[in-house]
$ cat protein_9.tsv   # TSV, C-alpha atoms
chain	number	residue	atom	x	y	z
A	1	MET	CA	-70.15	18.85	6.95
A	2	LEU	CA	-68.95	16.30	4.45
A	3	ASP	CA	-69.33	18.82	1.63
A	4	THR	CA	-67.11	21.30	3.45
A	5	LEU	CA	-64.50	18.61	4.06
A	6	ILE	CA	-64.48	17.61	0.38
A	7	ASP	CA	-64.25	21.27	-0.63
A	8	ILE	CA	-61.23	21.77	1.63
A	9	VAL	CA	-59.49	18.68	0.22
A	10	ALA	CA	-60.23	19.75	-3.36
A	11	GLY	CA	-58.98	23.28	-2.68
A	12	THR	CA	-55.76	21.92	-1.20
A	13	PHE	CA	-55.27	19.69	-4.25
A	14	MET	CA	-55.80	22.65	-6.56
A	15	ILE	CA	-53.29	24.86	-4.74
A	16	VAL	CA	-50.65	22.10	-4.62
A	17	GLY	CA	-51.24	21.33	-8.30
A	18	CYS	CA	-50.72	24.99	-9.18
A	19	LEU	CA	-47.56	25.08	-7.06
A	20	MET	CA	-46.24	22.21	-9.24
A	21	SER	CA	-46.68	24.44	-12.28
A	22	LEU	CA	-44.94	27.29	-10.46
A	23	ALA	CA	-42.06	24.95	-9.57
A	24	ALA	CA	-41.78	23.99	-13.23
A	25	GLY	CA	-41.67	27.65	-14.25
A	26	ILE	CA	-39.01	28.54	-11.67
A	27	GLY	CA	-36.98	25.46	-12.62
A	28	MET	CA	-37.22	26.35	-16.31
A	29	LEU	CA	-35.76	29.76	-15.58
A	30	ARG	CA	-33.10	28.91	-13.01
A	31	PHE	CA	-31.70	25.49	-13.91
A	32	PRO	CA	-28.43	25.55	-15.84
A	33	ASP	CA	-28.82	23.17	-18.78
A	34	LEU	CA	-31.25	21.23	-20.91
A	35	LEU	CA	-31.42	17.99	-18.93
A	36	SER	CA	-32.09	19.67	-15.58
A	37	ARG	CA	-34.72	21.91	-17.19
A	38	LEU	CA	-36.31	18.76	-18.57
A	39	HIS	CA	-36.37	17.38	-15.03
A	40	ALA	CA	-38.16	20.49	-13.78
A	41	ALA	CA	-40.63	20.55	-16.67
A	42	THR	CA	-41.92	17.02	-16.06
A	43	LYS	CA	-43.07	17.79	-12.50
A	44	PRO	CA	-46.51	19.26	-13.32
A	45	GLN	CA	-47.08	16.77	-16.12
A	46	VAL	CA	-47.84	13.81	-13.88
A	47	LEU	CA	-48.40	14.84	-10.26
A	48	GLY	CA	-49.75	18.33	-10.98
A	49	LEU	CA	-52.27	17.11	-13.52
A	50	PHE	CA	-53.23	14.23	-11.21
A	51	LEU	CA	-53.96	16.62	-8.33
A	52	LEU	CA	-56.02	18.96	-10.51
A	53	LEU	CA	-58.03	16.11	-12.05
A	54	ALA	CA	-58.59	14.64	-8.58
A	55	ALA	CA	-59.88	18.00	-7.38
A	56	LEU	CA	-62.19	18.13	-10.39
A	57	GLY	CA	-63.51	14.63	-9.68
A	58	LEU	CA	-64.04	15.50	-6.01
A	59	GLU	CA	-66.01	18.61	-6.86
A	60	LEU	CA	-68.16	17.09	-9.63
A	61	ARG	CA	-68.94	13.90	-7.64
A	62	SER	CA	-70.31	12.05	-10.63
A	63	TRP	CA	-69.20	8.59	-11.74
A	64	ALA	CA	-69.75	9.51	-15.40
A	65	VAL	CA	-66.74	11.82	-15.67
A	66	LEU	CA	-64.40	9.52	-13.74
A	67	PRO	CA	-63.37	7.41	-16.80
A	68	VAL	CA	-62.54	10.58	-18.75
A	69	LEU	CA	-60.40	11.88	-15.89
A	70	VAL	CA	-58.59	8.55	-15.65
A	71	LEU	CA	-58.12	8.56	-19.43
A	72	ALA	CA	-56.66	12.07	-19.41
A	73	TRP	CA	-54.23	11.16	-16.64
A	74	LEU	CA	-53.22	7.83	-18.21
A	75	LEU	CA	-52.65	9.54	-21.56
A	76	GLN	CA	-50.37	12.05	-19.91
A	77	LEU	CA	-48.65	9.28	-17.93
A	78	LEU	CA	-47.90	7.41	-21.16
A	79	THR	CA	-46.88	10.34	-23.35
A	80	ALA	CA	-44.80	12.37	-20.86
A	81	PRO	CA	-41.88	9.88	-20.60
A	82	VAL	CA	-41.80	9.34	-24.37
A	83	SER	CA	-41.61	13.02	-25.24
A	84	ALA	CA	-39.11	13.70	-22.44
A	85	HIS	CA	-36.98	10.81	-23.72
A	86	MET	CA	-37.06	12.17	-27.26
A	87	VAL	CA	-36.07	15.67	-26.13
A	88	GLY	CA	-33.28	14.29	-23.94
A	89	ARG	CA	-32.00	12.09	-26.76
A	90	ALA	CA	-31.93	15.00	-29.19
A	91	GLY	CA	-30.24	17.13	-26.53
A	92	TYR	CA	-27.53	14.52	-25.93
A	93	ARG	CA	-26.91	14.07	-29.64
A	94	THR	CA	-26.61	17.75	-30.33
A	95	ARG	CA	-24.55	18.23	-27.15
A	96	HIS	CA	-26.84	20.64	-25.37
A	97	LEU	CA	-25.59	19.63	-21.95
A	98	LYS	CA	-23.06	20.63	-19.34
A	99	ARG	CA	-20.96	17.58	-18.71
A	100	GLU	CA	-19.59	18.80	-15.39
A	101	THR	CA	-23.10	18.74	-13.90
A	102	LEU	CA	-23.53	15.04	-14.68
A	103	VAL	CA	-22.91	12.48	-11.94
A	104	ALA	CA	-22.75	9.50	-14.29
A	105	ASP	CA	-22.71	9.45	-18.11
A	106	GLU	CA	-23.32	5.84	-19.09
A	107	LEU	CA	-23.93	6.76	-22.72
A	108	ALA	CA	-20.47	8.27	-23.25
A	109	ALA	CA	-18.64	4.91	-23.31
A	110	VAL	CA	-21.19	3.44	-25.74
A	111	VAL	CA	-20.94	6.44	-28.09
A	112	GLU	CA	-17.15	6.35	-27.96
A	113	ALA	CA	-17.06	2.61	-28.77
A	114	ALA	CA	-19.50	3.07	-31.65
A	115	GLU	CA	-17.44	5.91	-33.12
A	116	GLN	CA	-14.24	3.86	-32.90
A	117	ARG	CA	-15.90	0.88	-34.54
A	118	GLU	CA	-17.24	3.06	-37.32
A	119	GLU	CA	-13.81	4.57	-37.96
A	120	HIS	CA	-12.26	1.11	-37.97
A	121	GLU	CA	-14.80	-0.35	-40.39
A	122	ILE	CA	-15.38	2.54	-42.76
A	123	GLY	CA	-12.05	4.24	-42.32
A	124	ARG	CA	-13.68	7.62	-42.19
A	125	ASP	CA	-11.95	10.12	-39.99
A	126	ARG	CA	-14.37	12.09	-37.89
A	127	PRO	CA	-13.54	15.59	-36.73
A	128	ARG	CA	-12.39	15.34	-33.13
A	129	ASP	CA	-13.01	18.92	-32.04
A	130	ARG	CA	-16.73	18.53	-31.38
A	131	THR	CA	-17.46	21.03	-28.67
A	132	ASP	CA	-20.30	21.06	-26.19
A	133	PHE	CA	-23.01	23.68	-26.44
A	134	ILE	CA	-22.92	25.92	-23.38
A	135	ASP	CA	-25.33	28.81	-23.07
B	1	MET	CA	-63.46	28.49	-3.16
B	2	ASN	CA	-62.98	32.12	-4.21
B	3	ILE	CA	-59.73	32.44	-2.26
B	4	VAL	CA	-58.47	29.19	-3.80
B	5	LEU	CA	-59.31	30.55	-7.25
B	6	TRP	CA	-57.31	33.72	-6.58
B	7	ILE	CA	-54.29	31.79	-5.27
B	8	CYS	CA	-54.35	29.39	-8.22
B	9	GLY	CA	-54.78	32.20	-10.75
B	10	ILE	CA	-51.84	34.19	-9.41
B	11	THR	CA	-49.64	31.09	-9.17
B	12	LEU	CA	-50.43	29.98	-12.70
B	13	SER	CA	-49.91	33.50	-14.06
B	14	ILE	CA	-46.44	33.69	-12.51
B	15	ALA	CA	-45.61	30.21	-13.84
B	16	ALA	CA	-46.81	31.17	-17.34
B	17	CYS	CA	-44.70	34.34	-17.26
B	18	LEU	CA	-41.60	32.34	-16.27
B	19	ALA	CA	-42.24	29.81	-19.06
B	20	ILE	CA	-42.65	32.63	-21.58
B	21	VAL	CA	-39.37	34.18	-20.43
B	22	ARG	CA	-37.63	30.85	-21.03
B	23	LEU	CA	-39.43	30.57	-24.37
B	24	ALA	CA	-37.99	33.92	-25.43
B	25	LYS	CA	-34.49	33.40	-23.97
B	26	GLY	CA	-34.01	29.68	-24.59
B	27	PRO	CA	-30.64	29.25	-26.28
B	28	SER	CA	-31.71	26.26	-28.38
B	29	ILE	CA	-34.89	24.99	-29.94
B	30	LEU	CA	-35.08	22.14	-27.41
B	31	GLU	CA	-35.44	24.58	-24.51
B	32	ARG	CA	-38.20	26.27	-26.44
B	33	VAL	CA	-39.93	22.91	-26.93
B	34	ILE	CA	-39.85	22.24	-23.19
B	35	ALA	CA	-41.07	25.76	-22.41
B	36	THR	CA	-43.95	25.35	-24.87
B	37	ASP	CA	-44.84	22.06	-23.21
B	38	VAL	CA	-44.91	23.72	-19.79
B	39	LEU	CA	-47.05	26.55	-21.17
B	40	LEU	CA	-49.51	24.05	-22.60
B	41	LEU	CA	-49.66	22.27	-19.24
B	42	ILE	CA	-50.35	25.55	-17.47
B	43	ILE	CA	-53.21	26.20	-19.89
B	44	SER	CA	-54.71	22.75	-19.25
B	45	ALA	CA	-54.27	23.31	-15.49
B	46	ALA	CA	-56.19	26.57	-15.84
B	47	LEU	CA	-58.94	24.71	-17.72
B	48	CYS	CA	-59.13	22.12	-14.92
B	49	ILE	CA	-59.40	24.84	-12.26
B	50	GLU	CA	-62.09	26.69	-14.19
B	51	MET	CA	-64.10	23.47	-14.46
B	52	THR	CA	-63.62	22.73	-10.75
B	53	VAL	CA	-64.72	26.17	-9.61
B	54	ASN	CA	-67.73	26.41	-11.94
B	55	GLN	CA	-68.71	22.74	-11.45
B	56	HIS	CA	-68.98	21.58	-15.05
B	57	ALA	CA	-67.07	19.18	-17.33
B	58	ASN	CA	-67.28	20.95	-20.68
B	59	ASN	CA	-63.56	21.60	-21.13
B	60	LEU	CA	-62.39	18.06	-20.41
B	61	VAL	CA	-61.98	17.39	-24.13
B	62	PHE	CA	-59.57	20.33	-24.38
B	63	VAL	CA	-57.46	18.92	-21.54
B	64	LEU	CA	-57.21	15.61	-23.42
B	65	LEU	CA	-56.37	17.42	-26.65
B	66	ALA	CA	-53.70	19.51	-24.93
B	67	CYS	CA	-51.96	16.29	-23.79
B	68	LEU	CA	-51.98	14.92	-27.34
B	69	VAL	CA	-50.86	18.15	-29.01
B	70	GLY	CA	-48.00	18.58	-26.55
B	71	PHE	CA	-46.83	15.02	-27.12
B	72	VAL	CA	-46.96	15.18	-30.92
B	73	GLY	CA	-45.32	18.62	-31.01
B	74	SER	CA	-42.35	17.86	-28.78
B	75	VAL	CA	-41.67	14.45	-30.35
B	76	THR	CA	-41.81	15.88	-33.88
B	77	VAL	CA	-39.54	18.82	-33.17
B	78	SER	CA	-36.94	16.81	-31.24
B	79	ARG	CA	-36.92	14.20	-34.01
B	80	PHE	CA	-35.72	16.76	-36.54
B	81	VAL	CA	-33.20	18.64	-34.39
B	82	THR	CA	-29.72	18.50	-35.89
B	83	ASP	CA	-26.32	19.69	-34.79
B	84	ARG	CA	-25.71	22.65	-37.05
B	85	ARG	CA	-22.30	23.71	-35.74
B	86	ASN	CA	-20.52	20.37	-35.68
B	87	ALA	CA	-22.05	18.36	-38.51
$ encode --input "protein_9.tsv" --output "structure tokens"
Amino acid sequence: MLDTLIDIVAGTFMIVGCLMSLAAGIGMLRFPDLLSRLHAATKPQVLGLFLLLAALGLELRSWAVLPVLVLAWLLQLLTAPVSAHMVGRAGYRTRHLKRETLVADELAAVVEAAEQREEHEIGRDRPRDRTDFID
Amino acid sequence: MNIVLWICGITLSIAACLAIVRLAKGPSILERVIATDVLLLIISAALCIEMTVNQHANNLVFVLLACLVGFVGSVTVSRFVTDRRNA
């Protein structure tokens, strides 16, 4: 009885975890620009992997593998924001974004101020016709 | 458990196909980095499901390694991306 219950819970976790991956794939294909695709791609990284590792722990039912499962999830939890931040930073710097889809762009004022200060101090004239990359 | 395995296999296959389409289309290298990351996650998800269905823990090291490889790869590539049209 209890075994069947645990099997059902683990199966549900597996299906939902796979649906996270499917959501990431659909989002990768359908979202318009780099930042929204980044948003879709980070869904299976944390919750999807957590659900699949939880299903694995439920099915194995051994305390010995539990630290490894926790380690795998914590590693992903720590590295996913860092890599997403790096990709987003590179995307902002190389202008791979659609500005009309942004609600708030808090970095724009900072970048503008830094460019003005640099021009004022160094006297170098930057080209002003930097266009955004639209695919 | 067999039905669950079929559902998960079909779902992950569709997701992998979509990620590969984005990998081929992706207008910039950053999209390709994200698509590769998603593909790697789908592979580690498939490893998890195979372990769950067959009740063993042999592939857990590969799941850990997939996390690390994805992290190092995406950070390295996005570190060296430059703006080729404007700079």
$ closest_residue --input "protein_9.tsv" --among "A:Ala113, A:Val9, A:Leu19, A:Ala41" --to "Ser13 in chain B" --atoms "all atoms listed in the file"
A:Leu19
$ residues_around --input "protein_9.tsv" --residues "Leu47 in chain B" --least-positions-apart "3" --cutoff "10 Å" --atoms "all atoms listed in the file" --output "list in words"
Leu52 of chain A; Leu41, Ile42, Ile43, Ser44, Glu50, Met51, Thr52, Ala57, Asn58, Asn59, Leu60, Phe62 and Val63 of chain B
$ write_last_selection --input "protein_9.tsv" --atoms "C-alpha atoms" --output "short mmCIF file (atom, residue, chain, number, x, y, z; two decimals), in the frame of the given file"
data_model
loop_
_atom_site.label_atom_id
_atom_site.label_comp_id
_atom_site.auth_asym_id
_atom_site.auth_seq_id
_atom_site.Cartn_x
_atom_site.Cartn_y
_atom_site.Cartn_z
CA LEU A 52 -56.02 18.96 -10.51
CA LEU B 41 -49.66 22.27 -19.24
CA ILE B 42 -50.35 25.55 -17.47
CA ILE B 43 -53.21 26.20 -19.89
CA SER B 44 -54.71 22.75 -19.25
CA GLU B 50 -62.09 26.69 -14.19
CA MET B 51 -64.10 23.47 -14.46
CA THR B 52 -63.62 22.73 -10.75
CA ALA B 57 -67.07 19.18 -17.33
CA ASN B 58 -67.28 20.95 -20.68
CA ASN B 59 -63.56 21.60 -21.13
CA LEU B 60 -62.39 18.06 -20.41
CA PHE B 62 -59.57 20.33 -24.38
CA VAL B 63 -57.46 18.92 -21.54
#
$ interface_residues --input "protein_9.tsv" --of "chain A" --to "chain B" --cutoff "8 Å" --atoms "all atoms listed in the file" --output "ChimeraX atom specification"
/A:7,11,14-15,18-19,21-26,28-29,34,37-38,41,44-45,49,52-53,55-56,59-60,65,68-69,72,75-76,79-80,82-83,86-87,90-91,93-95,130-131,135
$ closest_residue --input "protein_9.tsv" --among "A:Lys43, A:Arg30, A:His120, A:Arg99" --to "Val16 in chain A" --atoms "all atoms listed in the file"
A:Lys43
$ atom_distance --input "protein_9.tsv" --atom1 "CA of Val46 in chain A" --atom2 "CA of Thr12 in chain A"
17.0 Å
$ closest_residue --input "protein_9.tsv" --among "A:Ala108, A:Leu97, A:Leu77, A:Leu58" --to "Asp33 in chain A" --atoms "all atoms listed in the file"
A:Leu97
$ atom_distance --input "protein_9.tsv" --atom1 "CA of Ala84 in chain A" --atom2 "CA of Arg32 in chain B"
13.2 Å
$ atom_distance --input "protein_9.tsv" --atom1 "CA of Val69 in chain B" --atom2 "CA of Gly17 in chain A"
21.0 Å
$ closest_residue --input "protein_9.tsv" --among "A:Leu74, A:Met20, A:Ser36, A:Gly27" --to "Gly48 in chain A" --atoms "all atoms listed in the file"
A:Met20
$ decode --input "protein_9.tsv" --residues "range 23-57 of chain A" --atoms "N, CA and C atoms" --output "PDB file, in the first residue's frame"
ATOM      1  N   ALA A  23       8.639  22.733 -21.154  1.00  0.00           N
ATOM      2  CA  ALA A  23       8.353  24.170 -21.096  1.00  0.00           C
ATOM      3  C   ALA A  23       9.578  24.971 -21.501  1.00  0.00           C
ATOM      4  N   ALA A  24      10.756  24.511 -21.057  1.00  0.00           N
ATOM      5  CA  ALA A  24      11.991  25.202 -21.439  1.00  0.00           C
ATOM      6  C   ALA A  24      12.200  25.131 -22.944  1.00  0.00           C
ATOM      7  N   GLY A  25      11.950  23.951 -23.540  1.00  0.00           N
ATOM      8  CA  GLY A  25      12.124  23.815 -24.982  1.00  0.00           C
ATOM      9  C   GLY A  25      11.166  24.712 -25.749  1.00  0.00           C
ATOM     10  N   ILE A  26       9.886  24.724 -25.337  1.00  0.00           N
ATOM     11  CA  ILE A  26       8.903  25.564 -26.037  1.00  0.00           C
ATOM     12  C   ILE A  26       9.259  27.036 -25.876  1.00  0.00           C
ATOM     13  N   GLY A  27       9.675  27.415 -24.654  1.00  0.00           N
ATOM     14  CA  GLY A  27      10.055  28.805 -24.419  1.00  0.00           C
ATOM     15  C   GLY A  27      11.272  29.200 -25.243  1.00  0.00           C
ATOM     16  N   MET A  28      12.241  28.288 -25.365  1.00  0.00           N
ATOM     17  CA  MET A  28      13.418  28.569 -26.180  1.00  0.00           C
ATOM     18  C   MET A  28      13.024  28.890 -27.611  1.00  0.00           C
ATOM     19  N   LEU A  29      12.016  28.162 -28.105  1.00  0.00           N
ATOM     20  CA  LEU A  29      11.651  28.331 -29.511  1.00  0.00           C
ATOM     21  C   LEU A  29      10.767  29.551 -29.719  1.00  0.00           C
ATOM     22  N   ARG A  30       9.884  29.857 -28.769  1.00  0.00           N
ATOM     23  CA  ARG A  30       8.835  30.831 -29.057  1.00  0.00           C
ATOM     24  C   ARG A  30       9.101  32.218 -28.481  1.00  0.00           C
ATOM     25  N   PHE A  31       9.956  32.340 -27.473  1.00  0.00           N
ATOM     26  CA  PHE A  31      10.148  33.654 -26.873  1.00  0.00           C
ATOM     27  C   PHE A  31      10.971  34.556 -27.785  1.00  0.00           C
ATOM     28  N   PRO A  32      10.733  35.879 -27.717  1.00  0.00           N
ATOM     29  CA  PRO A  32      11.274  36.748 -28.764  1.00  0.00           C
ATOM     30  C   PRO A  32      12.747  37.097 -28.638  1.00  0.00           C
ATOM     31  N   ASP A  33      13.299  37.241 -27.450  1.00  0.00           N
ATOM     32  CA  ASP A  33      14.684  37.720 -27.400  1.00  0.00           C
ATOM     33  C   ASP A  33      15.476  36.982 -26.336  1.00  0.00           C
ATOM     34  N   LEU A  34      16.730  37.361 -26.192  1.00  0.00           N
ATOM     35  CA  LEU A  34      17.668  36.591 -25.378  1.00  0.00           C
ATOM     36  C   LEU A  34      17.259  36.509 -23.917  1.00  0.00           C
ATOM     37  N   LEU A  35      16.809  37.646 -23.348  1.00  0.00           N
ATOM     38  CA  LEU A  35      16.540  37.648 -21.907  1.00  0.00           C
ATOM     39  C   LEU A  35      15.331  36.795 -21.562  1.00  0.00           C
ATOM     40  N   SER A  36      14.295  36.819 -22.425  1.00  0.00           N
ATOM     41  CA  SER A  36      13.123  35.983 -22.126  1.00  0.00           C
ATOM     42  C   SER A  36      13.436  34.508 -22.363  1.00  0.00           C
ATOM     43  N   ARG A  37      14.304  34.221 -23.339  1.00  0.00           N
ATOM     44  CA  ARG A  37      14.719  32.826 -23.531  1.00  0.00           C
ATOM     45  C   ARG A  37      15.528  32.338 -22.341  1.00  0.00           C
ATOM     46  N   LEU A  38      16.313  33.245 -21.774  1.00  0.00           N
ATOM     47  CA  LEU A  38      17.072  32.903 -20.564  1.00  0.00           C
ATOM     48  C   LEU A  38      16.116  32.551 -19.419  1.00  0.00           C
ATOM     49  N   HIS A  39      15.032  33.339 -19.331  1.00  0.00           N
ATOM     50  CA  HIS A  39      14.027  33.084 -18.302  1.00  0.00           C
ATOM     51  C   HIS A  39      13.419  31.700 -18.464  1.00  0.00           C
ATOM     52  N   ALA A  40      13.120  31.326 -19.722  1.00  0.00           N
ATOM     53  CA  ALA A  40      12.523  30.009 -19.955  1.00  0.00           C
ATOM     54  C   ALA A  40      13.527  28.898 -19.672  1.00  0.00           C
ATOM     55  N   ALA A  41      14.803  29.137 -19.991  1.00  0.00           N
ATOM     56  CA  ALA A  41      15.790  28.066 -19.888  1.00  0.00           C
ATOM     57  C   ALA A  41      16.132  27.728 -18.450  1.00  0.00           C
ATOM     58  N   THR A  42      15.895  28.663 -17.511  1.00  0.00           N
ATOM     59  CA  THR A  42      16.268  28.376 -16.127  1.00  0.00           C
ATOM     60  C   THR A  42      15.172  27.648 -15.358  1.00  0.00           C
ATOM     61  N   LYS A  43      14.013  27.385 -16.015  1.00  0.00           N
ATOM     62  CA  LYS A  43      12.952  26.658 -15.308  1.00  0.00           C
ATOM     63  C   LYS A  43      13.377  25.237 -14.934  1.00  0.00           C
ATOM     64  N   PRO A  44      13.848  24.404 -15.888  1.00  0.00           N
ATOM     65  CA  PRO A  44      14.148  23.018 -15.491  1.00  0.00           C
ATOM     66  C   PRO A  44      15.411  22.903 -14.665  1.00  0.00           C
ATOM     67  N   GLN A  45      16.206  23.980 -14.618  1.00  0.00           N
ATOM     68  CA  GLN A  45      17.481  23.867 -13.922  1.00  0.00           C
ATOM     69  C   GLN A  45      17.294  23.654 -12.436  1.00  0.00           C
ATOM     70  N   VAL A  46      16.337  24.346 -11.831  1.00  0.00           N
ATOM     71  CA  VAL A  46      16.176  24.245 -10.379  1.00  0.00           C
ATOM     72  C   VAL A  46      15.014  23.331 -10.012  1.00  0.00           C
ATOM     73  N   LEU A  47      13.786  23.714 -10.445  1.00  0.00           N
ATOM     74  CA  LEU A  47      12.621  22.937 -10.006  1.00  0.00           C
ATOM     75  C   LEU A  47      12.557  21.579 -10.701  1.00  0.00           C
ATOM     76  N   GLY A  48      12.877  21.555 -12.009  1.00  0.00           N
ATOM     77  CA  GLY A  48      12.818  20.287 -12.732  1.00  0.00           C
ATOM     78  C   GLY A  48      13.797  19.279 -12.181  1.00  0.00           C
ATOM     79  N   LEU A  49      15.033  19.735 -11.963  1.00  0.00           N
ATOM     80  CA  LEU A  49      16.037  18.811 -11.429  1.00  0.00           C
ATOM     81  C   LEU A  49      15.672  18.384 -10.011  1.00  0.00           C
ATOM     82  N   PHE A  50      15.098  19.327  -9.227  1.00  0.00           N
ATOM     83  CA  PHE A  50      14.688  18.960  -7.866  1.00  0.00           C
ATOM     84  C   PHE A  50      13.637  17.860  -7.885  1.00  0.00           C
ATOM     85  N   LEU A  51      12.641  17.996  -8.776  1.00  0.00           N
ATOM     86  CA  LEU A  51      11.576  16.993  -8.823  1.00  0.00           C
ATOM     87  C   LEU A  51      12.119  15.637  -9.241  1.00  0.00           C
ATOM     88  N   LEU A  52      13.040  15.637 -10.245  1.00  0.00           N
ATOM     89  CA  LEU A  52      13.568  14.352 -10.709  1.00  0.00           C
ATOM     90  C   LEU A  52      14.435  13.704  -9.651  1.00  0.00           C
ATOM     91  N   LEU A  53      15.261  14.513  -8.949  1.00  0.00           N
ATOM     92  CA  LEU A  53      16.098  13.939  -7.889  1.00  0.00           C
ATOM     93  C   LEU A  53      15.243  13.460  -6.716  1.00  0.00           C
ATOM     94  N   ALA A  54      14.141  14.178  -6.434  1.00  0.00           N
ATOM     95  CA  ALA A  54      13.246  13.730  -5.366  1.00  0.00           C
ATOM     96  C   ALA A  54      12.594  12.404  -5.726  1.00  0.00           C
ATOM     97  N   ALA A  55      12.199  12.266  -7.007  1.00  0.00           N
ATOM     98  CA  ALA A  55      11.626  10.994  -7.451  1.00  0.00           C
ATOM     99  C   ALA A  55      12.642   9.870  -7.316  1.00  0.00           C
ATOM    100  N   LEU A  56      13.900  10.184  -7.660  1.00  0.00           N
ATOM    101  CA  LEU A  56      14.955   9.165  -7.544  1.00  0.00           C
ATOM    102  C   LEU A  56      15.151   8.752  -6.088  1.00  0.00           C
ATOM    103  N   GLY A  57      15.181   9.745  -5.180  1.00  0.00           N
ATOM    104  CA  GLY A  57      15.339   9.427  -3.765  1.00  0.00           C
ATOM    105  C   GLY A  57      14.177   8.627  -3.221  1.00  0.00           C
TER     106      GLY A  57
END
